[in-house]
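Enquirer: Below you'll find coords_28.cif; it's mmCIF, C-alpha atoms; chains and numbers go by the auth columns.
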data_query
loop_
_atom_site.group_PDB
_atom_site.id
_atom_site.type_symbol
_atom_site.label_atom_id
_atom_site.label_comp_id
_atom_site.label_asym_id
_atom_site.label_seq_id
_atom_site.Cartn_x
_atom_site.Cartn_y
_atom_site.Cartn_z
_atom_site.B_iso_or_equiv
_atom_site.auth_seq_id
_atom_site.auth_asym_id
ATOM 1 C CA MET A 1 91.984 98.511 98.121 0.00 1204 E
ATOM 2 C CA LYS A 2 90.691 100.734 95.365 0.00 1205 E
ATOM 3 C CA ILE A 3 90.476 99.230 91.898 0.00 1206 E
ATOM 4 C CA SER A 4 92.003 101.635 89.373 0.00 1207 E
ATOM 5 C CA THR A 5 90.882 102.348 85.838 0.00 1208 E
ATOM 6 C CA LYS A 6 93.311 99.654 84.668 0.00 1209 E
ATOM 7 C CA GLY A 7 91.515 96.996 86.681 0.00 1210 E
ATOM 8 C CA ARG A 8 88.029 98.142 85.701 0.00 1211 E
ATOM 9 C CA TYR A 9 88.882 98.364 82.013 0.00 1212 E
ATOM 10 C CA ALA A 10 90.742 95.032 82.046 0.00 1213 E
ATOM 11 C CA LEU A 11 87.624 93.370 83.447 0.00 1214 E
ATOM 12 C CA ARG A 12 85.457 94.970 80.740 0.00 1215 E
ATOM 13 C CA LEU A 13 87.932 93.913 78.037 0.00 1216 E
ATOM 14 C CA MET A 14 87.912 90.318 79.239 0.00 1217 E
ATOM 15 C CA ILE A 15 84.111 90.253 79.456 0.00 1218 E
ATOM 16 C CA SER A 16 83.890 91.511 75.847 0.00 1219 E
ATOM 17 C CA VAL A 17 86.223 88.776 74.646 0.00 1220 E
ATOM 18 C CA ALA A 18 84.398 86.096 76.670 0.00 1221 E
ATOM 19 C CA GLU A 19 80.999 87.170 75.297 0.00 1222 E
ATOM 20 C CA LYS A 20 82.109 86.321 71.755 0.00 1223 E
ATOM 21 C CA GLY A 21 82.707 82.665 72.623 0.00 1224 E
ATOM 22 C CA ASP A 22 85.599 80.309 72.067 0.00 1225 E
ATOM 23 C CA ASP A 23 85.558 80.281 68.258 0.00 1226 E
ATOM 24 C CA THR A 24 85.517 84.031 67.622 0.00 1227 E
ATOM 25 C CA LEU A 25 88.467 86.390 67.675 0.00 1228 E
ATOM 26 C CA THR A 26 87.854 89.863 69.054 0.00 1229 E
ATOM 27 C CA THR A 27 89.765 92.904 67.849 0.00 1230 E
ATOM 28 C CA LEU A 28 90.740 95.764 70.116 0.00 1231 E
ATOM 29 C CA ARG A 29 88.832 98.088 67.829 0.00 1232 E
ATOM 30 C CA GLU A 30 85.622 96.122 68.508 0.00 1233 E
ATOM 31 C CA VAL A 31 86.206 96.267 72.247 0.00 1234 E
ATOM 32 C CA ALA A 32 87.049 99.984 72.045 0.00 1235 E
ATOM 33 C CA GLU A 33 83.742 100.703 70.313 0.00 1236 E
ATOM 34 C CA GLU A 34 81.681 98.473 72.621 0.00 1237 E
ATOM 35 C CA GLN A 35 83.265 99.676 75.833 0.00 1238 E
ATOM 36 C CA ASP A 36 84.158 103.278 74.941 0.00 1239 E
ATOM 37 C CA ILE A 37 87.834 102.717 75.790 0.00 1240 E
ATOM 38 C CA SER A 38 90.659 103.910 73.549 0.00 1241 E
ATOM 39 C CA VAL A 39 92.555 101.298 71.524 0.00 1242 E
ATOM 40 C CA LYS A 40 95.824 102.702 72.919 0.00 1243 E
ATOM 41 C CA TYR A 41 94.691 102.035 76.481 0.00 1244 E
ATOM 42 C CA LEU A 42 93.496 98.537 75.560 0.00 1245 E
ATOM 43 C CA GLU A 43 96.897 97.787 74.031 0.00 1246 E
ATOM 44 C CA GLN A 44 98.509 98.475 77.394 0.00 1247 E
ATOM 45 C CA LEU A 45 96.049 96.174 79.166 0.00 1248 E
ATOM 46 C CA VAL A 46 96.498 93.377 76.649 0.00 1249 E
ATOM 47 C CA SER A 47 100.200 93.192 77.420 0.00 1250 E
ATOM 48 C CA ALA A 48 99.569 92.413 81.094 0.00 1251 E
ATOM 49 C CA LEU A 49 96.693 90.029 80.357 0.00 1252 E
ATOM 50 C CA THR A 50 98.634 88.020 77.769 0.00 1253 E
ATOM 51 C CA GLY A 51 101.650 87.943 80.081 0.00 1254 E
ATOM 52 C CA ALA A 52 99.443 86.475 82.804 0.00 1255 E
ATOM 53 C CA GLY A 53 98.208 83.728 80.469 0.00 1256 E
ATOM 54 C CA LEU A 54 94.652 85.053 80.262 0.00 1257 E
ATOM 55 C CA LEU A 55 94.530 86.357 76.669 0.00 1258 E
ATOM 56 C CA GLN A 56 96.092 85.072 73.499 0.00 1259 E
ATOM 57 C CA GLY A 57 96.845 87.224 70.473 0.00 1260 E
ATOM 58 C CA HIS A 58 96.361 85.964 66.907 0.00 1261 E
ATOM 59 C CA ARG A 59 98.137 87.800 64.100 0.00 1262 E
ATOM 60 C CA GLY A 60 97.024 88.269 60.539 0.00 1263 E
ATOM 61 C CA ALA A 61 94.311 89.965 58.538 0.00 1264 E
ATOM 62 C CA ARG A 62 91.615 88.213 60.559 0.00 1265 E
ATOM 63 C CA GLY A 63 93.553 88.352 63.803 0.00 1266 E
ATOM 64 C CA GLY A 64 92.417 89.411 67.206 0.00 1267 E
ATOM 65 C CA TYR A 65 92.310 88.108 70.738 0.00 1268 E
ATOM 66 C CA SER A 66 90.823 85.071 72.399 0.00 1269 E
ATOM 67 C CA LEU A 67 90.859 83.695 75.905 0.00 1270 E
ATOM 68 C CA GLN A 68 93.836 81.496 76.635 0.00 1271 E
ATOM 69 C CA ARG A 69 91.741 79.347 79.000 0.00 1272 E
ATOM 70 C CA PRO A 70 87.992 78.687 79.156 0.00 1273 E
ATOM 71 C CA ALA A 71 86.033 81.563 80.717 0.00 1274 E
ATOM 72 C CA ASN A 72 84.857 79.323 83.559 0.00 1275 E
ATOM 73 C CA GLU A 73 88.511 78.797 84.545 0.00 1276 E
ATOM 74 C CA ILE A 74 89.335 82.523 84.750 0.00 1277 E
ATOM 75 C CA THR A 75 88.310 84.506 87.810 0.00 1278 E
ATOM 76 C CA ALA A 76 87.850 88.193 88.417 0.00 1279 E
ATOM 77 C CA GLY A 77 90.783 87.817 90.801 0.00 1280 E
ATOM 78 C CA ASP A 78 93.029 86.591 87.978 0.00 1281 E
ATOM 79 C CA ILE A 79 92.134 89.631 85.891 0.00 1282 E
ATOM 80 C CA ILE A 80 92.446 92.182 88.691 0.00 1283 E
ATOM 81 C CA ARG A 81 95.787 90.779 89.847 0.00 1284 E
ATOM 82 C CA ALA A 82 97.141 90.776 86.284 0.00 1285 E
ATOM 83 C CA SER A 83 96.122 94.374 85.676 0.00 1286 E
ATOM 84 C CA GLU A 84 96.618 95.882 89.143 0.00 1287 E
ATOM 85 C CA GLY A 85 99.623 93.852 90.276 0.00 1288 E
ATOM 86 C CA GLY A 86 97.892 92.692 93.456 0.00 1289 E
ATOM 87 C CA THR A 87 94.884 93.105 95.700 0.00 1290 E
ATOM 88 C CA ALA A 88 96.426 93.777 99.125 0.00 1291 E
ATOM 89 C CA PRO A 89 94.561 96.483 101.065 0.00 1292 E
ATOM 90 C CA VAL A 90 97.763 97.756 102.746 0.00 1293 E
ATOM 91 C CA ALA A 91 101.367 98.009 101.628 0.00 1294 E
ATOM 92 C CA CYS A 92 102.751 95.629 104.263 0.00 1295 E
ATOM 93 C CA LEU A 93 100.792 92.737 102.713 0.00 1296 E
ATOM 94 C CA GLU A 94 101.941 93.422 99.152 0.00 1297 E
ATOM 95 C CA GLU A 95 104.268 90.943 97.541 0.00 1298 E
ATOM 96 C CA GLY A 96 107.839 92.176 97.654 0.00 1299 E
ATOM 97 C CA PHE A 97 107.207 94.634 100.490 0.00 1300 E
ATOM 98 C CA GLY A 98 109.805 93.036 102.699 0.00 1301 E
ATOM 99 C CA VAL A 99 109.600 92.810 106.461 0.00 1302 E
ATOM 100 C CA CYS A 100 107.541 95.337 108.350 0.00 1303 E
ATOM 101 C CA PRO A 101 109.360 96.518 111.468 0.00 1304 E
ATOM 102 C CA ARG A 102 106.044 96.434 113.364 0.00 1305 E
ATOM 103 C CA GLN A 103 104.921 92.947 112.327 0.00 1306 E
ATOM 104 C CA ASP A 104 105.707 91.302 115.688 0.00 1307 E
ATOM 105 C CA PHE A 105 103.530 93.721 117.667 0.00 1308 E
ATOM 106 C CA CYS A 106 101.195 95.279 115.075 0.00 1309 E
ATOM 107 C CA GLU A 107 97.714 95.496 116.556 0.00 1310 E
ATOM 108 C CA THR A 108 96.042 95.785 113.120 0.00 1311 E
ATOM 109 C CA LEU A 109 97.939 93.147 111.103 0.00 1312 E
ATOM 110 C CA ASP A 110 95.353 90.403 111.700 0.00 1313 E
ATOM 111 C CA PHE A 111 92.583 92.779 110.631 0.00 1314 E
ATOM 112 C CA TRP A 112 94.366 93.608 107.359 0.00 1315 E
ATOM 113 C CA LYS A 113 95.126 89.920 106.720 0.00 1316 E
ATOM 114 C CA GLY A 114 91.452 89.096 107.239 0.00 1317 E
ATOM 115 C CA LEU A 115 90.379 91.827 104.841 0.00 1318 E
ATOM 116 C CA ASP A 116 92.949 90.650 102.296 0.00 1319 E
ATOM 117 C CA ASP A 117 91.621 87.084 102.574 0.00 1320 E
ATOM 118 C CA ALA A 118 88.016 88.294 102.169 0.00 1321 E
ATOM 119 C CA ILE A 119 88.918 90.297 99.059 0.00 1322 E
ATOM 120 C CA ASP A 120 90.790 87.363 97.517 0.00 1323 E
ATOM 121 C CA THR A 121 88.011 84.908 98.375 0.00 1324 E
ATOM 122 C CA TYR A 122 85.374 87.081 96.729 0.00 1325 E
ATOM 123 C CA LEU A 123 87.429 87.943 93.633 0.00 1326 E
ATOM 124 C CA ASP A 124 88.319 84.277 93.142 0.00 1327 E
ATOM 125 C CA SER A 125 84.687 83.183 93.514 0.00 1328 E
ATOM 126 C CA VAL A 126 83.502 85.213 90.508 0.00 1329 E
ATOM 127 C CA LYS A 127 84.109 83.469 87.186 0.00 1330 E
ATOM 128 C CA LEU A 128 84.579 85.351 83.929 0.00 1331 E
ATOM 129 C CA SER A 129 81.909 83.116 82.391 0.00 1332 E
ATOM 130 C CA ASP A 130 79.380 84.390 84.965 0.00 1333 E
ATOM 131 C CA LEU A 131 80.308 88.027 84.311 0.00 1334 E
ATOM 132 C CA ALA A 132 79.996 87.504 80.549 0.00 1335 E
ATOM 133 C CA GLN A 133 76.583 85.846 80.938 0.00 1336 E
ATOM 134 C CA ARG A 134 75.342 88.675 83.177 0.00 1337 E
ATOM 135 C CA SER A 135 76.518 91.160 80.559 0.00 1338 E
ATOM 136 C CA LEU A 136 74.748 89.301 77.745 0.00 1339 E
ATOM 137 C CA ASP A 137 71.554 89.094 79.829 0.00 1340 E
ATOM 138 C CA ALA A 138 71.697 92.835 80.545 0.00 1341 E
ATOM 139 C CA LYS A 139 72.193 93.590 76.842 0.00 1342 E
ATOM 140 C CA ALA A 140 69.199 91.399 75.969 0.00 1343 E
ATOM 141 C CA ARG A 141 67.015 93.232 78.498 0.00 1344 E
ATOM 142 C CA ALA A 142 68.204 96.602 77.160 0.00 1345 E
ATOM 143 C CA ALA A 143 67.389 95.539 73.588 0.00 1346 E
ATOM 144 C CA GLU A 144 63.770 94.894 74.629 0.00 1347 E
ATOM 145 C CA TRP A 145 63.364 98.513 75.676 0.00 1348 E
ATOM 146 C CA VAL A 146 62.388 100.674 72.721 0.00 1349 E
ATOM 147 C CA PRO A 147 61.779 104.384 73.212 0.00 1350 E
ATOM 148 C CA ASP A 148 58.359 105.573 72.093 0.00 1351 E
ATOM 149 C CA LEU A 149 59.277 108.455 69.803 0.00 1352 E
ATOM 150 C CA ALA A 150 55.734 109.862 69.915 0.00 1353 E
ATOM 151 C CA LYS A 151 55.991 110.506 73.665 0.00 1354 E
ATOM 152 C CA PRO A 152 59.360 112.026 74.595 0.00 1355 E
ATOM 153 C CA GLY A 153 60.670 110.769 77.901 0.00 1356 E
ATOM 154 C CA GLU A 154 58.574 107.598 77.837 0.00 1357 E
ATOM 155 C CA GLY A 155 59.212 104.163 76.439 0.00 1358 E
ATOM 156 C CA VAL A 156 57.549 100.835 75.807 0.00 1359 E
ATOM 157 C CA CYS A 157 58.805 97.269 76.018 0.00 1360 E
ATOM 158 C CA LYS A 158 58.716 95.082 72.925 0.00 1361 E
#
Reformat the file's structure so that it appears as structure tokens.
Expert:
Amino acid sequence: MKISTKGRYALRLMISVAEKGDDTLTTLREVAEEQDISVKYLEQLVSALTGAGLLQGHRGARGGYSLQRPANEITAGDIIRASEGGTAPVACLEEGFGVCPRQDFCETLDFWKGLDDAIDTYLDSVKLSDLAQRSLDAKARAAEWVPDLAKPGEGVCK
């Protein structure tokens, strides 16, 4: 399975919202600036994520988006499935595919089922709260690095 731009951007959107914490609303404009993703594209992602019960929209002058559940209850799998529609590595394992005419004698079906299980297990083991914390830690490390303007190409740590 190859994760598309929708899945990658949906994960980044959700991390941005989770980083702000439970009491802060995040606007799509803020996420667009932080993540270098167009607001129009984010609007498309928000529809799927709110429909899946992951994001909640708040209207008004100070409106924005918040997580519908705590970040430690949302997995990367939830986000990828909401944005991609599924995680199956082959069409015959996708929901709604129907019955494969080869299923009774397919020599590779067990392999694909095993891969599908491995993908789901990994995606469901990664919590949004962990991704958000990793992102915050990386931003803190990056903030400690200050370029030394006197020596182009070099830098010093604060």
Enquirer: Step by step, work through what the PyMOL selection byres ((chain E and resi 1325-1341) around 9) selects in the shown file, and finish by giving those residues as a PDB file with C-alpha atoms, in the frame of the given file.
Expert:
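Result written to expr-v2.pdb:
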ATOM      1  CA  LEU E1214      87.624  93.370  83.447  1.00  0.00           C
ATOM      2  CA  MET E1217      87.912  90.318  79.239  1.00  0.00           C
ATOM      3  CA  ILE E1218      84.111  90.253  79.456  1.00  0.00           C
ATOM      4  CA  SER E1219      83.890  91.511  75.847  1.00  0.00           C
ATOM      5  CA  VAL E1220      86.223  88.776  74.646  1.00  0.00           C
ATOM      6  CA  ALA E1221      84.398  86.096  76.670  1.00  0.00           C
ATOM      7  CA  GLU E1222      80.999  87.170  75.297  1.00  0.00           C
ATOM      8  CA  PRO E1273      87.992  78.687  79.156  1.00  0.00           C
ATOM      9  CA  ALA E1274      86.033  81.563  80.717  1.00  0.00           C
ATOM     10  CA  ASN E1275      84.857  79.323  83.559  1.00  0.00           C
ATOM     11  CA  GLU E1276      88.511  78.797  84.545  1.00  0.00           C
ATOM     12  CA  ILE E1277      89.335  82.523  84.750  1.00  0.00           C
ATOM     13  CA  THR E1278      88.310  84.506  87.810  1.00  0.00           C
ATOM     14  CA  ALA E1279      87.850  88.193  88.417  1.00  0.00           C
ATOM     15  CA  GLY E1280      90.783  87.817  90.801  1.00  0.00           C
ATOM     16  CA  ASP E1281      93.029  86.591  87.978  1.00  0.00           C
ATOM     17  CA  ILE E1282      92.134  89.631  85.891  1.00  0.00           C
ATOM     18  CA  ILE E1283      92.446  92.182  88.691  1.00  0.00           C
ATOM     19  CA  ASP E1320      91.621  87.084 102.574  1.00  0.00           C
ATOM     20  CA  ALA E1321      88.016  88.294 102.169  1.00  0.00           C
ATOM     21  CA  ILE E1322      88.918  90.297  99.059  1.00  0.00           C
ATOM     22  CA  ASP E1323      90.790  87.363  97.517  1.00  0.00           C
ATOM     23  CA  THR E1324      88.011  84.908  98.375  1.00  0.00           C
ATOM     24  CA  LYS E1342      72.193  93.590  76.842  1.00  0.00           C
ATOM     25  CA  ALA E1343      69.199  91.399  75.969  1.00  0.00           C
ATOM     26  CA  ARG E1344      67.015  93.232  78.498  1.00  0.00           C
ATOM     27  CA  ALA E1345      68.204  96.602  77.160  1.00  0.00           C
ATOM     28  CA  ALA E1346      67.389  95.539  73.588  1.00  0.00           C
TER      29      ALA E1346
END
Enquirer: Go ahead and compute the interatomic distance for CA of Arg1215 (chain E) and CA of Gln1238 (chain E), in Å to one decimal.
Expert: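 So the two atoms, CA of Arg1215 (chain E) and CA of Gln1238 (chain E), lie 7.1 Å apart.
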Enquirer: Counting all atoms listed in the file, figure out which residue out of E:Val1302, E:Ala1264, E:Val1293, E:Leu1270 gets nearest to Thr1227 (chain E).
Expert: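 Looking at the shortest contact to Thr1227 (chain E), the residue is E:Leu1270.
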Enquirer: Excluding Thr1253 (chain E) and residues on its chain fewer than 3 positions from it, collect all residues at most 10 Å away from it, counting all atoms listed in the file, and give them as a list in words.
Expert: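 The contact residues come out as Leu1248, Val1249, Ser1250, Gly1256, Leu1257, Leu1258, Gln1259, Gly1260, Tyr1268, Ser1269, Leu1270, Gln1271 and Ala1285 of chain E.
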Enquirer: Kindly indicate which residue among E:Trp1315, E:Gly1301, E:Arg1232, E:Glu1287 lies nearest to Tyr1244 (chain E), using only C-alpha atoms for the distances.
Expert: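 Of the candidates, the smallest distance to Tyr1244 (chain E) is held by E:Arg1232.
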Enquirer: Could you check the closest approach to Ser1286 (chain E) for each of E:Trp1348, E:Phe1300, E:Tyr1212, E:Phe1308 and tell me which residue wins, using all atoms listed in the file?
Expert: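 Result for the nearest residue to Ser1286 (chain E): E:Tyr1212.
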Enquirer: Rank E:Gly1224, E:Gly1288, E:Gly1299, E:Gly1263 by their smallest atom-to-atom distance to Ala1251 (chain E), using all atoms listed in the file, and report the top residue only.
Expert: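 The shortest atom-to-atom distance to Ala1251 (chain E) comes from E:Gly1288.
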Enquirer: Taking all atoms listed in the file into account, name the residue in E:Val1242, E:Arg1272, E:Gln1247, E:Leu1318 that is nearest to Pro1292 (chain E).
Expert: E:Leu1318
Enquirer: So what do you get for CA of Gly1266 (chain E) versus CA of Leu1228 (chain E), distance-wise?
Expert: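 Result for CA of Gly1266 (chain E) versus CA of Leu1228 (chain E): 6.7 Å, one decimal.
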Enquirer: So how far away is CA of Glu1298 (chain E) from CA of Thr1311 (chain E), in Å?
Expert: 18.3 Å
Enquirer: Any chance you could work out the axis-aligned box around region 1214-1229 of chain E, listed atoms only, 3 Å on each side, giving centre and edge lengths in Å to one decimal, as AutoDock Vina command-line options?
Expert:
--center_x 84.7 --center_y 87.6 --center_z 75.5 --size_x 13.5 --size_y 20.7 --size_z 21.8
